[in-house]
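See below for coords.tsv, which holds TSV, N, CA and C atoms.
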```
chain	number	residue	atom	x	y	z
A	1	MET	N	-103.86	-80.60	10.70
A	1	MET	CA	-105.28	-80.41	10.87
A	1	MET	C	-105.50	-79.04	11.53
A	2	PRO	N	-106.29	-78.19	10.91
A	2	PRO	CA	-106.56	-76.87	11.50
A	2	PRO	C	-107.29	-76.99	12.83
A	3	ARG	N	-107.17	-75.94	13.61
A	3	ARG	CA	-107.74	-75.94	14.95
A	3	ARG	C	-109.26	-76.08	14.92
A	4	ALA	N	-109.92	-75.45	13.97
A	4	ALA	CA	-111.39	-75.53	13.89
A	4	ALA	C	-111.86	-76.96	13.62
A	5	GLU	N	-111.18	-77.67	12.74
A	5	GLU	CA	-111.56	-79.05	12.46
A	5	GLU	C	-111.34	-79.93	13.68
A	6	PHE	N	-110.24	-79.72	14.37
A	6	PHE	CA	-109.95	-80.51	15.56
A	6	PHE	C	-111.00	-80.26	16.64
A	7	LEU	N	-111.39	-79.01	16.86
A	7	LEU	CA	-112.39	-78.70	17.87
A	7	LEU	C	-113.77	-79.25	17.49
A	8	THR	N	-114.09	-79.25	16.21
A	8	THR	CA	-115.37	-79.79	15.76
A	8	THR	C	-115.42	-81.30	15.95
A	9	ILE	N	-114.33	-81.98	15.63
A	9	ILE	CA	-114.28	-83.43	15.85
A	9	ILE	C	-114.32	-83.75	17.33
A	10	ALA	N	-113.65	-82.93	18.15
A	10	ALA	CA	-113.69	-83.14	19.60
A	10	ALA	C	-115.10	-82.92	20.13
A	11	LEU	N	-115.79	-81.90	19.65
A	11	LEU	CA	-117.16	-81.64	20.07
A	11	LEU	C	-118.09	-82.79	19.68
A	12	LEU	N	-117.92	-83.28	18.49
A	12	LEU	CA	-118.72	-84.40	18.01
A	12	LEU	C	-118.49	-85.64	18.86
A	13	SER	N	-117.23	-85.95	19.13
A	13	SER	CA	-116.94	-87.16	19.92
A	13	SER	C	-117.40	-87.03	21.36
A	14	VAL	N	-117.32	-85.84	21.94
A	14	VAL	CA	-117.80	-85.65	23.31
A	14	VAL	C	-119.32	-85.83	23.38
A	15	HIS	N	-120.04	-85.31	22.40
A	15	HIS	CA	-121.49	-85.47	22.40
A	15	HIS	C	-121.90	-86.93	22.23
A	16	VAL	N	-121.20	-87.65	21.38
A	16	VAL	CA	-121.51	-89.08	21.20
A	16	VAL	C	-121.20	-89.84	22.49
A	17	ALA	N	-120.05	-89.56	23.10
A	17	ALA	CA	-119.68	-90.26	24.32
A	17	ALA	C	-120.66	-89.97	25.45
A	18	LEU	N	-121.04	-88.71	25.62
A	18	LEU	CA	-121.98	-88.36	26.68
A	18	LEU	C	-123.37	-88.94	26.41
A	19	GLY	N	-123.77	-88.97	25.15
A	19	GLY	CA	-125.06	-89.57	24.81
A	19	GLY	C	-125.10	-91.05	25.14
A	20	LEU	N	-124.04	-91.75	24.80
A	20	LEU	CA	-123.99	-93.18	25.11
A	20	LEU	C	-123.91	-93.41	26.62
A	21	LEU	N	-123.19	-92.56	27.31
A	21	LEU	CA	-123.10	-92.67	28.76
A	21	LEU	C	-124.45	-92.44	29.42
A	22	CYS	N	-125.20	-91.46	28.93
A	22	CYS	CA	-126.54	-91.19	29.47
A	22	CYS	C	-127.48	-92.37	29.20
A	23	LEU	N	-127.40	-92.94	28.01
A	23	LEU	CA	-128.25	-94.09	27.71
A	23	LEU	C	-127.88	-95.29	28.57
A	24	GLY	N	-126.59	-95.45	28.83
A	24	GLY	CA	-126.17	-96.54	29.70
A	24	GLY	C	-126.61	-96.32	31.14
A	25	ALA	N	-126.55	-95.08	31.61
A	25	ALA	CA	-126.96	-94.78	32.98
A	25	ALA	C	-128.47	-94.91	33.15
A	26	ALA	N	-129.22	-94.67	32.08
A	26	ALA	CA	-130.68	-94.75	32.17
A	26	ALA	C	-131.17	-96.19	32.26
A	27	ARG	N	-130.29	-97.13	31.99
A	27	ARG	CA	-130.68	-98.54	32.07
A	27	ARG	C	-130.57	-99.09	33.49
A	28	GLY	N	-130.31	-98.23	34.45
A	28	GLY	CA	-130.14	-98.66	35.83
A	28	GLY	C	-131.45	-99.10	36.47
A	29	GLU	N	-131.42	-99.25	37.79
A	29	GLU	CA	-132.59	-99.75	38.52
A	29	GLU	C	-133.74	-98.75	38.51
A	30	ALA	N	-133.44	-97.49	38.69
A	30	ALA	CA	-134.50	-96.47	38.72
A	30	ALA	C	-134.93	-96.12	37.29
A	31	ASP	N	-136.15	-95.61	37.17
A	31	ASP	CA	-136.67	-95.21	35.86
A	31	ASP	C	-136.02	-93.88	35.49
A	32	GLY	N	-135.11	-93.90	34.51
A	32	GLY	CA	-134.38	-92.70	34.11
A	32	GLY	C	-134.88	-92.17	32.79
A	33	ARG	N	-136.16	-91.80	32.74
A	33	ARG	CA	-136.73	-91.32	31.47
A	33	ARG	C	-136.08	-90.02	31.02
A	34	GLY	N	-135.85	-89.11	31.96
A	34	GLY	CA	-135.25	-87.83	31.61
A	34	GLY	C	-133.83	-87.97	31.11
A	35	ILE	N	-133.05	-88.79	31.77
A	35	ILE	CA	-131.66	-88.98	31.35
A	35	ILE	C	-131.59	-89.75	30.04
A	36	ARG	N	-132.56	-90.64	29.81
A	36	ARG	CA	-132.62	-91.37	28.55
A	36	ARG	C	-132.94	-90.41	27.40
A	37	LEU	N	-133.88	-89.51	27.61
A	37	LEU	CA	-134.21	-88.53	26.58
A	37	LEU	C	-133.04	-87.56	26.34
A	38	TRP	N	-132.35	-87.21	27.41
A	38	TRP	CA	-131.18	-86.34	27.27
A	38	TRP	C	-130.11	-87.04	26.42
A	39	GLY	N	-129.90	-88.32	26.67
A	39	GLY	CA	-128.93	-89.08	25.88
A	39	GLY	C	-129.29	-89.16	24.42
A	40	TRP	N	-130.57	-89.42	24.14
A	40	TRP	CA	-131.01	-89.45	22.74
A	40	TRP	C	-130.87	-88.07	22.09
A	41	GLY	N	-131.14	-87.04	22.87
A	41	GLY	CA	-130.98	-85.67	22.35
A	41	GLY	C	-129.54	-85.37	21.98
A	42	LEU	N	-128.61	-85.81	22.82
A	42	LEU	CA	-127.20	-85.61	22.51
A	42	LEU	C	-126.77	-86.37	21.25
A	43	LEU	N	-127.29	-87.59	21.11
A	43	LEU	CA	-126.94	-88.36	19.92
A	43	LEU	C	-127.54	-87.76	18.65
A	44	VAL	N	-128.75	-87.26	18.74
A	44	VAL	CA	-129.37	-86.60	17.57
A	44	VAL	C	-128.62	-85.33	17.22
A	45	TYR	N	-128.22	-84.59	18.24
A	45	TYR	CA	-127.44	-83.36	18.01
A	45	TYR	C	-126.10	-83.68	17.34
A	46	ALA	N	-125.44	-84.73	17.82
A	46	ALA	CA	-124.16	-85.13	17.24
A	46	ALA	C	-124.33	-85.61	15.80
A	47	SER	N	-125.42	-86.32	15.53
A	47	SER	CA	-125.65	-86.75	14.15
A	47	SER	C	-125.96	-85.55	13.25
A	48	GLY	N	-126.63	-84.54	13.78
A	48	GLY	CA	-126.87	-83.33	13.01
A	48	GLY	C	-125.58	-82.60	12.67
A	49	ILE	N	-124.65	-82.56	13.63
A	49	ILE	CA	-123.34	-81.96	13.36
A	49	ILE	C	-122.62	-82.75	12.28
A	50	ALA	N	-122.67	-84.08	12.37
A	50	ALA	CA	-121.98	-84.92	11.39
A	50	ALA	C	-122.57	-84.74	10.00
A	51	VAL	N	-123.88	-84.65	9.91
A	51	VAL	CA	-124.53	-84.48	8.60
A	51	VAL	C	-124.19	-83.11	8.02
A	52	SER	N	-124.19	-82.08	8.86
A	52	SER	CA	-123.89	-80.76	8.34
A	52	SER	C	-122.42	-80.64	7.93
A	53	LEU	N	-121.54	-81.36	8.61
A	53	LEU	CA	-120.13	-81.33	8.21
A	53	LEU	C	-119.88	-82.14	6.94
A	54	ALA	N	-120.63	-83.20	6.77
A	54	ALA	CA	-120.44	-84.05	5.60
A	54	ALA	C	-120.98	-83.38	4.33
A	55	GLY	N	-121.89	-82.44	4.50
A	55	GLY	CA	-122.44	-81.76	3.34
A	55	GLY	C	-123.35	-82.64	2.52
A	56	VAL	N	-124.11	-83.50	3.17
A	56	VAL	CA	-124.99	-84.42	2.46
A	56	VAL	C	-126.02	-83.68	1.61
A	57	PRO	N	-126.76	-82.72	2.17
A	57	PRO	CA	-127.67	-81.99	1.28
A	57	PRO	C	-126.88	-80.99	0.44
A	58	THR	N	-126.51	-81.39	-0.76
A	58	THR	CA	-125.64	-80.55	-1.58
A	58	THR	C	-126.38	-79.39	-2.23
A	59	LYS	N	-127.70	-79.53	-2.42
A	59	LYS	CA	-128.45	-78.41	-2.96
A	59	LYS	C	-129.65	-78.19	-2.04
A	60	PRO	N	-130.19	-76.98	-2.02
A	60	PRO	CA	-131.31	-76.69	-1.15
A	60	PRO	C	-132.52	-77.61	-1.47
A	61	VAL	N	-133.19	-78.04	-0.45
A	61	VAL	CA	-134.30	-78.97	-0.63
A	61	VAL	C	-135.48	-78.28	-1.30
A	62	ALA	N	-135.67	-76.99	-1.03
A	62	ALA	CA	-136.81	-76.27	-1.58
A	62	ALA	C	-136.69	-76.05	-3.09
A	63	LEU	N	-135.48	-76.10	-3.60
A	63	LEU	CA	-135.27	-75.88	-5.04
A	63	LEU	C	-135.07	-77.21	-5.75
A	64	PHE	N	-136.14	-77.89	-6.03
A	64	PHE	CA	-136.06	-79.22	-6.66
A	64	PHE	C	-135.36	-79.09	-7.96
```

As structure tokens - that is how I would like this structure written.
Amino acid sequence: MPRAEFLTIALLSVHVALGLLCLGAARGEADGRGIRLWGWGLLVYASGIAVSLAGVPTKPVALF
């Protein structure tokens, strides 16, 4: 596995883990709205990385 692929997978897994950790911490006694939004942001960012790596949009959307 090339170094770039390994680092990308590591980045993706770290973002998912931190996002889940933030969502878990936001469920505590205090109202953690900011940390909850941060966790969702990390998960959305990680899903964006996964979609861009998977190459789901194979052709440009503007060119039907």

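The coordinates place atom CA of A:Ile49 at 14.8 Å from atom CA of A:Leu18.
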
**Prompt:** Of the candidates A:Leu12, A:Pro2, A:Gly24, A:Leu7, which one gets nearest to A:Ser47 if we count all atoms listed in the file?
**Reply:** A:Leu12

Apply DSSP to the structure's backbone, then extract all residues of chain A labelled helix (DSSP H, G or I) and return them as a CSV table (one decimal) with N, CA and C atoms, keeping the file's coordinate frame.
```csv
chain,number,residue,atom,x,y,z
A,3,ARG,N,-107.2,-75.9,13.6
A,3,ARG,CA,-107.7,-75.9,15.0
A,3,ARG,C,-109.3,-76.1,14.9
A,4,ALA,N,-109.9,-75.4,14.0
A,4,ALA,CA,-111.4,-75.5,13.9
A,4,ALA,C,-111.9,-77.0,13.6
A,5,GLU,N,-111.2,-77.7,12.7
A,5,GLU,CA,-111.6,-79.0,12.5
A,5,GLU,C,-111.3,-79.9,13.7
A,6,PHE,N,-110.2,-79.7,14.4
A,6,PHE,CA,-110.0,-80.5,15.6
A,6,PHE,C,-111.0,-80.3,16.6
A,7,LEU,N,-111.4,-79.0,16.9
A,7,LEU,CA,-112.4,-78.7,17.9
A,7,LEU,C,-113.8,-79.2,17.5
A,8,THR,N,-114.1,-79.2,16.2
A,8,THR,CA,-115.4,-79.8,15.8
A,8,THR,C,-115.4,-81.3,16.0
A,9,ILE,N,-114.3,-82.0,15.6
A,9,ILE,CA,-114.3,-83.4,15.8
A,9,ILE,C,-114.3,-83.8,17.3
A,10,ALA,N,-113.6,-82.9,18.2
A,10,ALA,CA,-113.7,-83.1,19.6
A,10,ALA,C,-115.1,-82.9,20.1
A,11,LEU,N,-115.8,-81.9,19.6
A,11,LEU,CA,-117.2,-81.6,20.1
A,11,LEU,C,-118.1,-82.8,19.7
A,12,LEU,N,-117.9,-83.3,18.5
A,12,LEU,CA,-118.7,-84.4,18.0
A,12,LEU,C,-118.5,-85.6,18.9
A,13,SER,N,-117.2,-86.0,19.1
A,13,SER,CA,-116.9,-87.2,19.9
A,13,SER,C,-117.4,-87.0,21.4
A,14,VAL,N,-117.3,-85.8,21.9
A,14,VAL,CA,-117.8,-85.6,23.3
A,14,VAL,C,-119.3,-85.8,23.4
A,15,HIS,N,-120.0,-85.3,22.4
A,15,HIS,CA,-121.5,-85.5,22.4
A,15,HIS,C,-121.9,-86.9,22.2
A,16,VAL,N,-121.2,-87.6,21.4
A,16,VAL,CA,-121.5,-89.1,21.2
A,16,VAL,C,-121.2,-89.8,22.5
A,17,ALA,N,-120.0,-89.6,23.1
A,17,ALA,CA,-119.7,-90.3,24.3
A,17,ALA,C,-120.7,-90.0,25.4
A,18,LEU,N,-121.0,-88.7,25.6
A,18,LEU,CA,-122.0,-88.4,26.7
A,18,LEU,C,-123.4,-88.9,26.4
A,19,GLY,N,-123.8,-89.0,25.2
A,19,GLY,CA,-125.1,-89.6,24.8
A,19,GLY,C,-125.1,-91.0,25.1
A,20,LEU,N,-124.0,-91.8,24.8
A,20,LEU,CA,-124.0,-93.2,25.1
A,20,LEU,C,-123.9,-93.4,26.6
A,21,LEU,N,-123.2,-92.6,27.3
A,21,LEU,CA,-123.1,-92.7,28.8
A,21,LEU,C,-124.4,-92.4,29.4
A,22,CYS,N,-125.2,-91.5,28.9
A,22,CYS,CA,-126.5,-91.2,29.5
A,22,CYS,C,-127.5,-92.4,29.2
A,23,LEU,N,-127.4,-92.9,28.0
A,23,LEU,CA,-128.2,-94.1,27.7
A,23,LEU,C,-127.9,-95.3,28.6
A,24,GLY,N,-126.6,-95.4,28.8
A,24,GLY,CA,-126.2,-96.5,29.7
A,24,GLY,C,-126.6,-96.3,31.1
A,25,ALA,N,-126.6,-95.1,31.6
A,25,ALA,CA,-127.0,-94.8,33.0
A,25,ALA,C,-128.5,-94.9,33.2
A,33,ARG,N,-136.2,-91.8,32.7
A,33,ARG,CA,-136.7,-91.3,31.5
A,33,ARG,C,-136.1,-90.0,31.0
A,34,GLY,N,-135.8,-89.1,32.0
A,34,GLY,CA,-135.2,-87.8,31.6
A,34,GLY,C,-133.8,-88.0,31.1
A,35,ILE,N,-133.0,-88.8,31.8
A,35,ILE,CA,-131.7,-89.0,31.4
A,35,ILE,C,-131.6,-89.8,30.0
A,36,ARG,N,-132.6,-90.6,29.8
A,36,ARG,CA,-132.6,-91.4,28.6
A,36,ARG,C,-132.9,-90.4,27.4
A,37,LEU,N,-133.9,-89.5,27.6
A,37,LEU,CA,-134.2,-88.5,26.6
A,37,LEU,C,-133.0,-87.6,26.3
A,38,TRP,N,-132.4,-87.2,27.4
A,38,TRP,CA,-131.2,-86.3,27.3
A,38,TRP,C,-130.1,-87.0,26.4
A,39,GLY,N,-129.9,-88.3,26.7
A,39,GLY,CA,-128.9,-89.1,25.9
A,39,GLY,C,-129.3,-89.2,24.4
A,40,TRP,N,-130.6,-89.4,24.1
A,40,TRP,CA,-131.0,-89.4,22.7
A,40,TRP,C,-130.9,-88.1,22.1
A,41,GLY,N,-131.1,-87.0,22.9
A,41,GLY,CA,-131.0,-85.7,22.4
A,41,GLY,C,-129.5,-85.4,22.0
A,42,LEU,N,-128.6,-85.8,22.8
A,42,LEU,CA,-127.2,-85.6,22.5
A,42,LEU,C,-126.8,-86.4,21.2
A,43,LEU,N,-127.3,-87.6,21.1
A,43,LEU,CA,-126.9,-88.4,19.9
A,43,LEU,C,-127.5,-87.8,18.6
A,44,VAL,N,-128.8,-87.3,18.7
A,44,VAL,CA,-129.4,-86.6,17.6
A,44,VAL,C,-128.6,-85.3,17.2
A,45,TYR,N,-128.2,-84.6,18.2
A,45,TYR,CA,-127.4,-83.4,18.0
A,45,TYR,C,-126.1,-83.7,17.3
A,46,ALA,N,-125.4,-84.7,17.8
A,46,ALA,CA,-124.2,-85.1,17.2
A,46,ALA,C,-124.3,-85.6,15.8
A,47,SER,N,-125.4,-86.3,15.5
A,47,SER,CA,-125.6,-86.8,14.2
A,47,SER,C,-126.0,-85.6,13.2
A,48,GLY,N,-126.6,-84.5,13.8
A,48,GLY,CA,-126.9,-83.3,13.0
A,48,GLY,C,-125.6,-82.6,12.7
A,49,ILE,N,-124.6,-82.6,13.6
A,49,ILE,CA,-123.3,-82.0,13.4
A,49,ILE,C,-122.6,-82.8,12.3
A,50,ALA,N,-122.7,-84.1,12.4
A,50,ALA,CA,-122.0,-84.9,11.4
A,50,ALA,C,-122.6,-84.7,10.0
A,51,VAL,N,-123.9,-84.6,9.9
A,51,VAL,CA,-124.5,-84.5,8.6
A,51,VAL,C,-124.2,-83.1,8.0
A,52,SER,N,-124.2,-82.1,8.9
A,52,SER,CA,-123.9,-80.8,8.3
A,52,SER,C,-122.4,-80.6,7.9
A,53,LEU,N,-121.5,-81.4,8.6
A,53,LEU,CA,-120.1,-81.3,8.2
A,53,LEU,C,-119.9,-82.1,6.9
A,54,ALA,N,-120.6,-83.2,6.8
A,54,ALA,CA,-120.4,-84.0,5.6
A,54,ALA,C,-121.0,-83.4,4.3
```

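Take the candidates A:Ala54, A:Ala4, A:Cys22, A:Val14 and check each one against A:Gly39 using all atoms listed in the file; the shortest distance goes to A:Cys22.
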
**Message:** Please report the interatomic distance between atom CA of A:Trp40 and atom CA of A:Ser13 in Å with one decimal.
**Reply:** 14.5 Å

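The gap separating atom CA of A:Val16 from atom CA of A:Ala30 is 23.0 Å, in Å to one decimal.
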
Size and centre in Å, one decimal, axis-aligned box, all listed stretch 3-16 of chain A atoms plus 3 Å per side, as JSON:
```
{"center_x": -114.5, "center_y": -82.6, "center_z": 17.9, "size_x": 20.7, "size_y": 20.4, "size_z": 16.9}
```

**Request:** Please identify all polymer residues within 8 Å of A:Ile35, counting only N, CA and C atoms, omitting same-chain residues fewer than 2 positions from it, and present them as a ChimeraX atom specification.
**Result:** /A:21-27,31-33,37-41
